[in-house]
file entry_0.pdb (PDB, C-alpha atoms)
ATOM      1  CA  MET Q 132       7.298  18.049  -0.289
ATOM      2  CA  LEU Q 133       5.101  15.807  -2.466
ATOM      3  CA  PRO Q 134       7.506  12.829  -2.473
ATOM      4  CA  LEU Q 135       7.703  13.000   1.335
ATOM      5  CA  MET Q 136       3.924  12.973   1.581
ATOM      6  CA  LEU Q 137       3.922  10.042  -0.819
ATOM      7  CA  ALA Q 138       6.405   8.301   1.488
ATOM      8  CA  GLY Q 139       4.052   8.895   4.419
ATOM      9  CA  TYR Q 140       1.208   7.176   2.599
ATOM     10  CA  LEU Q 141       3.530   4.356   1.598
ATOM     11  CA  PHE Q 142       4.299   3.886   5.292
ATOM     12  CA  LEU Q 143       0.583   3.691   6.094
ATOM     13  CA  LEU Q 144      -0.085   1.349   3.182
ATOM     14  CA  VAL Q 145       2.655  -1.171   4.014
ATOM     15  CA  LEU Q 146       3.014  -1.105   7.804
ATOM     16  CA  ARG Q 147      -0.684  -0.475   8.583
ATOM     17  CA  PRO Q 148      -0.331   0.933  12.120
ATOM     18  CA  TYR Q 149      -4.115   1.245  12.354
ATOM     19  CA  GLU Q 150      -4.345  -2.542  12.563
ATOM     20  CA  TYR Q 151      -2.394  -2.562  15.850
ATOM     21  CA  TRP Q 152      -3.945   0.442  17.531
ATOM     22  CA  SER Q 153      -7.707   0.387  17.226
ATOM     23  CA  ILE Q 154      -8.080   4.135  17.796
ATOM     24  CA  LEU Q 155      -6.195   4.787  14.553
ATOM     25  CA  GLY Q 156      -8.465   2.340  12.747
ATOM     26  CA  GLU Q 157     -11.537   4.156  13.955
ATOM     27  CA  LEU Q 158     -10.132   7.464  12.722
ATOM     28  CA  ARG Q 159      -9.518   5.998   9.232
ATOM     29  CA  ILE Q 160      -6.132   7.708   9.044
ATOM     30  CA  GLU Q 161      -5.197   6.029   5.758
ATOM     31  CA  ARG Q 162      -8.240   7.462   3.978
ATOM     32  CA  VAL Q 163      -7.945  10.882   5.584
ATOM     33  CA  TYR Q 164      -4.233  11.057   4.751
ATOM     34  CA  MET Q 165      -4.852  10.090   1.118
ATOM     35  CA  LEU Q 166      -7.675  12.623   0.745
ATOM     36  CA  ILE Q 167      -5.427  15.366   2.129
ATOM     37  CA  PHE Q 168      -2.569  14.217  -0.099
ATOM     38  CA  MET Q 169      -4.805  14.142  -3.191
ATOM     39  CA  THR Q 170      -6.010  17.669  -2.418
ATOM     40  CA  VAL Q 171      -2.440  18.914  -2.007
ATOM     41  CA  VAL Q 172      -1.360  17.248  -5.272
ATOM     42  CA  LEU Q 173      -4.290  18.610  -7.242
ATOM     43  CA  LEU Q 174      -3.709  22.140  -5.903
ATOM     44  CA  HIS Q 175       0.072  21.998  -6.313
ATOM     45  CA  LYS Q 176       1.414  24.181  -9.113
ATOM     46  CA  ASP Q 177       4.289  21.865 -10.167
ATOM     47  CA  LYS Q 178       2.275  18.717 -10.805
ATOM     48  CA  ARG Q 179       2.399  17.163 -14.237
ATOM     49  CA  PHE Q 180       0.770  14.193 -15.873
ATOM     50  CA  LEU Q 181       3.039  12.298 -18.214
ATOM     51  CA  SER Q 182       1.296  10.606 -21.092
ATOM     52  CA  ASN Q 183       2.211   6.948 -21.186
ATOM     53  CA  PRO Q 184       0.526   3.839 -22.641
ATOM     54  CA  LEU Q 185       0.802   2.227 -19.203
ATOM     55  CA  ASN Q 186      -1.677   4.768 -17.809
ATOM     56  CA  GLY Q 187      -4.257   3.655 -20.375
ATOM     57  CA  ALA Q 188      -3.589   0.004 -19.561
ATOM     58  CA  VAL Q 189      -4.120   0.663 -15.846
ATOM     59  CA  ALA Q 190      -7.362   2.496 -16.631
ATOM     60  CA  CYS Q 191      -8.584  -0.384 -18.852
ATOM     61  CA  ILE Q 192      -7.786  -3.015 -16.238
ATOM     62  CA  THR Q 193      -9.537  -0.930 -13.579
ATOM     63  CA  LEU Q 194     -12.625  -0.517 -15.759
ATOM     64  CA  THR Q 195     -12.626  -4.253 -16.510
ATOM     65  CA  LEU Q 196     -12.365  -5.077 -12.823
ATOM     66  CA  LEU Q 197     -15.217  -2.719 -11.954
ATOM     67  CA  LEU Q 198     -17.471  -4.103 -14.689
ATOM     68  CA  SER Q 199     -16.748  -7.701 -13.758
ATOM     69  CA  GLY Q 200     -17.433  -6.897 -10.123
ATOM     70  CA  ILE Q 201     -20.711  -5.154 -10.897
ATOM     71  CA  PHE Q 202     -21.995  -7.856 -13.240
ATOM     72  CA  GLY Q 203     -20.511 -10.776 -11.314
ATOM     73  CA  ILE Q 204     -22.401 -13.289  -9.255
ATOM     74  CA  SER Q 205     -21.826 -11.609  -5.893
ATOM     75  CA  TRP Q 206     -20.993  -7.913  -5.623
ATOM     76  CA  THR Q 207     -20.611  -8.198  -1.847
ATOM     77  CA  HIS Q 208     -17.779 -10.716  -2.222
ATOM     78  CA  SER Q 209     -15.927  -8.770  -4.905
ATOM     79  CA  TRP Q 210     -16.257  -5.311  -3.325
ATOM     80  CA  PRO Q 211     -13.402  -5.665  -0.751
ATOM     81  CA  PHE Q 212     -10.963  -6.748  -3.479
ATOM     82  CA  ILE Q 213     -12.035  -3.894  -5.728
ATOM     83  CA  VAL Q 214     -11.533  -1.354  -2.924
ATOM     84  CA  ASP Q 215      -8.040  -2.694  -2.223
ATOM     85  CA  TYR Q 216      -7.160  -2.542  -5.911
ATOM     86  CA  LEU Q 217      -8.516   1.014  -6.223
ATOM     87  CA  LYS Q 218      -6.219   2.091  -3.369
ATOM     88  CA  TYR Q 219      -3.231   0.959  -5.407
ATOM     89  CA  VAL Q 220      -4.541   2.608  -8.577
ATOM     90  CA  ILE Q 221      -4.971   5.914  -6.759
ATOM     91  CA  PHE Q 222      -1.481   5.520  -5.310
ATOM     92  CA  TYR Q 223      -0.142   4.849  -8.824
ATOM     93  CA  PHE Q 224      -1.669   8.036 -10.211
ATOM     94  CA  MET Q 225      -0.450  10.049  -7.217
ATOM     95  CA  VAL Q 226       3.072   8.788  -7.961
ATOM     96  CA  ILE Q 227       2.670   9.821 -11.598
ATOM     97  CA  LEU Q 228       1.474  13.289 -10.585
ATOM     98  CA  SER Q 229       3.921  13.982  -7.761
ATOM     99  CA  VAL Q 230       7.256  12.556  -8.974
ATOM    100  CA  ARG Q 231       8.667  15.232 -11.255
ATOM    101  CA  ASP Q 232      12.371  14.497 -11.564
ATOM    102  CA  GLU Q 233      15.097  12.028 -10.691
ATOM    103  CA  GLU Q 234      15.574  13.431  -7.187
ATOM    104  CA  ASP Q 235      11.887  12.955  -6.362
ATOM    105  CA  PHE Q 236      12.101   9.404  -7.667
ATOM    106  CA  ARG Q 237      15.107   8.720  -5.456
ATOM    107  CA  VAL Q 238      13.203   9.982  -2.413
ATOM    108  CA  VAL Q 239      10.243   7.700  -3.165
ATOM    109  CA  LEU Q 240      12.521   4.742  -3.887
ATOM    110  CA  LEU Q 241      14.479   5.270  -0.663
ATOM    111  CA  ALA Q 242      11.222   5.596   1.275
ATOM    112  CA  PHE Q 243      10.001   2.330  -0.227
ATOM    113  CA  LEU Q 244      13.219   0.556   0.750
ATOM    114  CA  VAL Q 245      13.084   1.944   4.300
ATOM    115  CA  VAL Q 246       9.422   1.007   4.765
ATOM    116  CA  MET Q 247       9.983  -2.510   3.420
ATOM    117  CA  PHE Q 248      13.084  -2.879   5.615
ATOM    118  CA  LEU Q 249      10.995  -1.911   8.656
ATOM    119  CA  TYR Q 250       8.200  -4.291   7.701
ATOM    120  CA  VAL Q 251      10.415  -7.296   6.961
ATOM    121  CA  GLY Q 252      12.789  -6.444   9.820
ATOM    122  CA  LYS Q 253       9.989  -6.325  12.371
ATOM    123  CA  SER Q 254       8.601  -9.615  11.042
ATOM    124  CA  ALA Q 255      12.060 -11.203  11.233
ATOM    125  CA  TRP Q 256      12.481  -9.846  14.773
ATOM    126  CA  GLU Q 257       9.178 -11.448  15.783
ATOM    127  CA  PHE Q 258      10.197 -14.727  14.104
ATOM    128  CA  PHE Q 259      13.715 -15.064  15.505
ATOM    129  CA  VAL Q 260      13.391 -13.365  18.896
ATOM    130  CA  HIS Q 261       9.775 -13.918  19.942
ATOM    131  CA  ASP Q 262       9.261 -17.203  18.074
ATOM    132  CA  ARG Q 263       6.154 -15.938  16.264
ATOM    133  CA  TYR Q 264       5.448 -18.151  13.261
ATOM    134  CA  VAL Q 265       2.904 -20.332  11.494
ATOM    135  CA  PHE Q 266       3.641 -24.036  11.266
ATOM    136  CA  ARG Q 267       2.651 -25.262   7.798
ATOM    137  CA  MET Q 268       3.895 -27.992   5.462
ATOM    138  CA  GLY Q 269       6.119 -29.342   8.219
ATOM    139  CA  ILE Q 270       8.191 -26.147   8.673
ATOM    140  CA  LYS Q 271       8.097 -22.927  10.632
ATOM    141  CA  ARG Q 272       7.045 -20.091   8.315
ATOM    142  CA  MET Q 273       7.632 -16.420   9.014
ATOM    143  CA  MET Q 274       4.507 -14.293   8.884
ATOM    144  CA  GLY Q 275       3.830 -10.598   8.511
ATOM    145  CA  ILE Q 276       3.234  -8.359  11.485
ATOM    146  CA  ASP Q 277      -0.099  -7.050  10.249
ATOM    147  CA  ILE Q 278      -3.515  -8.662   9.921
ATOM    148  CA  THR Q 279      -4.137  -8.012   6.240
ATOM    149  CA  TYR Q 280      -0.918  -9.509   4.866
ATOM    150  CA  GLY Q 281       0.064 -11.565   7.908
ATOM    151  CA  ASP Q 282      -0.404 -14.908   6.183
ATOM    152  CA  PRO Q 283       2.978 -16.418   5.204
ATOM    153  CA  ASN Q 284       2.065 -16.567   1.511
ATOM    154  CA  ALA Q 285       0.778 -12.982   1.464
ATOM    155  CA  PHE Q 286       3.870 -11.903   3.383
ATOM    156  CA  ALA Q 287       6.139 -13.538   0.815
ATOM    157  CA  ALA Q 288       4.173 -11.953  -2.030
ATOM    158  CA  SER Q 289       4.435  -8.510  -0.446
ATOM    159  CA  ILE Q 290       8.204  -8.906  -0.187
ATOM    160  CA  CYS Q 291       8.442  -9.941  -3.841
TER     161      CYS Q 291
END

call {"tool": "encode", "arguments": {"input": "entry_0.pdb", "output": "structure tokens"}}
result
Amino acid sequence: MLPLMLAGYLFLLVLRPYEYWSILGELRIERVYMLIFMTVVLLHKDKRFLSNPLNGAVACITLTLLLSGIFGISWTHSWPFIVDYLKYVIFYFMVILSVRDEEDFRVVLLAFLVVMFLYVGKSAWEFFVHDRYVFRMGIKRMMGIDITYGDPNAFAASIC
């Protein structure tokens, strides 16, 4: 159950349906879904936290980012980037807590591949069929279907 819920959040995180339909954006479904998922994970009896040096490194980088944002020149400019990063950190720890064995990992990996196939496939469909592109550097460049990562460079980075 937990890996499927994780796959649902992965879908919301990558495809961002709330950017197309404004009613979903007003409901803040990504935040509500993650809060429900976090509650389910924390109350689940089979969760486990594996000790790993990578967890400490993620915590140190997060603390460094928060401190640099707080003591930086402009908190208002750094806050959106910090919030986006914290979403990924929370997702990372939810993966650590909810993936218990190889089968759970396969479910999450398959969900990731399906979500990325949908995202890139829909972008390719828009590029080849509907001629939706950005013209830069003398060539047509495919762009993402969402607003957040719709820029061609951000789209390429999300694929990588």

call {"tool": "resolve_selection", "arguments": {"input": "entry_0.pdb", "expression": "the PyMOL selection byres ((chain Q and resi 254) around 8)", "output": "PDB file with C-alpha atoms, in the frame of the given file"}}
result
ATOM      1  CA  TYR Q 250       8.200  -4.291   7.701  1.00  0.00           C
ATOM      2  CA  VAL Q 251      10.415  -7.296   6.961  1.00  0.00           C
ATOM      3  CA  GLY Q 252      12.789  -6.444   9.820  1.00  0.00           C
ATOM      4  CA  LYS Q 253       9.989  -6.325  12.371  1.00  0.00           C
ATOM      5  CA  ALA Q 255      12.060 -11.203  11.233  1.00  0.00           C
ATOM      6  CA  TRP Q 256      12.481  -9.846  14.773  1.00  0.00           C
ATOM      7  CA  GLU Q 257       9.178 -11.448  15.783  1.00  0.00           C
ATOM      8  CA  PHE Q 258      10.197 -14.727  14.104  1.00  0.00           C
ATOM      9  CA  MET Q 273       7.632 -16.420   9.014  1.00  0.00           C
ATOM     10  CA  MET Q 274       4.507 -14.293   8.884  1.00  0.00           C
ATOM     11  CA  GLY Q 275       3.830 -10.598   8.511  1.00  0.00           C
ATOM     12  CA  ILE Q 276       3.234  -8.359  11.485  1.00  0.00           C
TER      13      ILE Q 276
END

call {"tool": "resolve_selection", "arguments": {"input": "entry_0.pdb", "expression": "the PyMOL selection byres ((chain Q and resi 206-216) around 12)", "output": "list in words"}}
result
Leu144, Arg162, Val189, Ala190, Ile192, Thr193, Leu194, Thr195, Leu196, Leu197, Leu198, Ser199, Gly200, Ile201, Phe202, Gly203, Ile204, Ser205, Leu217, Lys218, Tyr219, Val220, Ile221, Phe222, Tyr223 and Thr279 of chain Q

call {"tool": "residues_around", "arguments": {"input": "entry_0.pdb", "residues": "Val246 in chain Q", "least_positions_apart": "2", "cutoff": "8 Å", "atoms": "only C-alpha atoms", "output": "PyMOL selection string"}}
result
chain Q and resi 141-142+145-146+242-244+248-250

call {"tool": "closest_residue", "arguments": {"input": "entry_0.pdb", "among": "Q:Leu241, Q:Ile278, Q:Met268, Q:Leu228", "to": "Glu150 in chain Q", "atoms": "only C-alpha atoms"}}
result
Q:Ile278

call {"tool": "residues_around", "arguments": {"input": "entry_0.pdb", "residues": "Val238 in chain Q", "least_positions_apart": "5", "cutoff": "10 Å", "atoms": "all atoms listed in the file", "output": "PyMOL selection string"}}
result
chain Q and resi 133-135+137-138+230+233+243-244

call {"tool": "atom_distance", "arguments": {"input": "entry_0.pdb", "atom1": "CA of Phe168 in chain Q", "atom2": "CA of Phe236 in chain Q"}}
result
17.2 Å

call {"tool": "atom_distance", "arguments": {"input": "entry_0.pdb", "atom1": "CA of Ser153 in chain Q", "atom2": "CA of Val171 in chain Q"}}
result
27.2 Å

call {"tool": "residues_around", "arguments": {"input": "entry_0.pdb", "residues": "Leu143 in chain Q", "least_positions_apart": "6", "cutoff": "9 Å", "atoms": "all atoms listed in the file", "output": "PyMOL selection string"}}
result
chain Q and resi 149+160-161+164

call {"tool": "closest_residue", "arguments": {"input": "entry_0.pdb", "among": "Q:Cys291, Q:Arg179, Q:Gly281, Q:Ile154", "to": "Met225 in chain Q", "atoms": "only C-alpha atoms"}}
result
Q:Arg179

call {"tool": "atom_distance", "arguments": {"input": "entry_0.pdb", "atom1": "CA of Ala287 in chain Q", "atom2": "CA of Gly139 in chain Q"}}
result
22.8 Å

call {"tool": "residues_around", "arguments": {"input": "entry_0.pdb", "residues": "Asp177 in chain Q", "least_positions_apart": "3", "cutoff": "9 Å", "atoms": "only C-alpha atoms", "output": "short mmCIF file (atom, residue, chain, number, x, y, z; two decimals) with C-alpha atoms, keeping the file's coordinate frame"}}
result
data_model
loop_
_atom_site.label_atom_id
_atom_site.label_comp_id
_atom_site.auth_asym_id
_atom_site.auth_seq_id
_atom_site.Cartn_x
_atom_site.Cartn_y
_atom_site.Cartn_z
CA VAL Q 172 -1.36 17.25 -5.27
CA SER Q 229 3.92 13.98 -7.76
CA ARG Q 231 8.67 15.23 -11.26
#
